[in-house]
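Inspection log for the structure reproduced underneath, given as C-alpha cells.
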Amino acid sequence: MSSALFFSNNRSPEMKFRKLLSVPVFAAFCLMGFVYYVTVFVFIEDWVGLQTSAGSLNNMIFSSMASLCLLSFLVGVLTDPGRVPLSYIPDVEDSSFVSDQETKKNVLQSKTCDKCAAYKPPRTHHCRVCKRCILRMDHHCLWINNCVGYWNYKAFFNLILYATVGSIHATVIVINCMRQKDWNSSGTTPLKFFYLACGAITLALSVTLGTLLGWHIYLIAHNMTTIEYYEGIRATWLAKKSGLSYRHPFDLSVYKNITLVLGPNALKWFCPTSTSHLKDGVSFPTLRDSS
C-alpha cells in the first residue's frame with residue numbers, strides 16, 4: 001500500500017481534501033510554517049549563516065524533518081482511518097464460543113454497534129465526531145480533523161516523531177543563537193522578547209510532543225490503542241477482584257507488536273505511506289493464537 005491509499009476508499013478526492021478546511025488544521029499548518037521560517041531564515045541565518053557549511057547542514061536536516069512532518073500530517077488528514085466492511089459478520093463459529101443458538105445470538109448482540117446498528121469487528125469503536133465505527137480506533141484528533149485508526153495510525157505516529165525531533169532541533173538552534181548574540185550592542189527589548197517567545201514556543205512543543213511520542217511508543221510496544229489502555233485499567237481491576245490476572249489479549253511481544261503496527265521492514269518504519277503490511281483491519285492475532 002502506498003500513497004495511492006488516499007484514493008482507495010469510498011470517499012471522493014473532493015471529500016477527502018475538505019478535511020483540510022478546518023480551523024485546527026489551518027492552525028497546525030500556520031504553526032509548522034512559522035516554526036520553519038523563523039528557524040531557518042532567522043535563527044540559523046543569525047547563528048552561523050545559511051551559506052556556511054554548518055548553516056547548510058542544519059538547514060538540510062531541519063528541512064528534511066519538516067518535509068517528513070508535513071507529509072505525515074497530510075497522510076494523517078487525508079487517509080480514511082478505516083471503515084467497517086458492509087459485508088462484515090462476526091465469526092460465531094469460533095471454538096471459544098459455546099455452539100448453542102442462544103449463545104450465538106448473545107455473541108452477535110455483543111458485537112453490534114448500537115448507534116450504527118451494524119456488526120463491529122474487534123478493536124472497533126464508534127466515533128461520536130465522525131458518526132461511524134472506526135477500525136482499531138485510537139482517538140479522534142482535532143488537529144488532523146480525523147480519527148486516528150487502523151489505516152492512518154502509522155502516519156500519526158510518524159507525525160509526532162518528526163514533529164518532536166524537529167522541535168528539539170529548533171530549540172537547540174534558538175538557544176545557541178541566543179547564547180552567541182551580543183545583547184549589549186545589538187539587543188533591543190522587542191528583539192529580546194521575540195527570541196524568548198520563539199524559544200518558549202519551540203521548548204513547549206518539544207516537551208508536549210515528546211510526551212505524546214513517549215506515550216505512543218508505549219502503546220505500540222504493548223500493541224494497544226489509547227481506548228484499550230483505559231479499558232485495560234478497568235479489566236485489570238475486575239480481574240484482581242476475582243483473584244485473577246489480566247493481560248492485554250493483543251500484546252504478543254515487543255518486537256512482534258512493533259512490526260504489526262509499523263511493518264516488518266525496519267527501513268520502512270519511518271515512511272508514513274508504507275502500509276503494505278496492513279491487512280483488513282477486522283481480525284488481529286492474539287495471545288491465544290500464539291500459544
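Residue numbering restarts at 1 in every chain; chains get A, B, ... in the order shown in the C-alpha cells, and ligands count up from 1 in that same order.
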
Exercise: region 197-210 of chain A partners within 12 Å, only C-alpha atoms, chain neighbours under 2 positions left out, as an NGL selection string: :A and (28 or 31-32 or 34-39 or 42-43 or 156-179 or 190-195 or 212-217)

Close residues, Val40 (chain A) itself excluded, 9 Å, only C-alpha atoms, min 5 positions apart in chain, as an mmCIF file with C-alpha atoms, in the first residue's frame:
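Saved file out_23.cif follows:
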data_model
loop_
_atom_site.group_PDB
_atom_site.id
_atom_site.type_symbol
_atom_site.label_atom_id
_atom_site.label_comp_id
_atom_site.auth_asym_id
_atom_site.auth_seq_id
_atom_site.Cartn_x
_atom_site.Cartn_y
_atom_site.Cartn_z
ATOM 1 C CA VAL A 35 8.471 27.469 13.183
ATOM 2 C CA GLU A 45 20.961 32.729 9.482
ATOM 3 C CA LEU A 50 22.812 29.838 5.746
ATOM 4 C CA GLY A 55 24.265 26.519 8.316
ATOM 5 C CA ASN A 58 21.428 22.404 9.895
ATOM 6 C CA ASN A 59 19.141 23.714 7.171
ATOM 7 C CA PHE A 62 15.733 20.641 9.721
ATOM 8 C CA SER A 63 14.123 20.958 6.267
ATOM 9 C CA ALA A 170 14.688 24.143 16.559
#

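Taking only C-alpha atoms, the non-local environment of Tyr229 (chain A) within 12 Å (same-chain residues fewer than 2 positions away omitted) comprises Arg123, Met137, Asp138, His139, Trp215, His216, Tyr218, Leu219, Ile220, His222, Asn223, Met224, Thr225, Thr226, Ile227, Glu231, Gly232, Ile233, Arg234, Ala235, Thr236, Arg247, His248, Pro249, Phe250 and Asp251 of chain A.
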
Quick check for you: according to DSSP on this backbone, which residues of region 143-237 of chain A are classed as alpha helix (DSSP H)? Reply as an MDAnalysis selection string. chainID A and resid 153:180 183:186 189:221 226:237
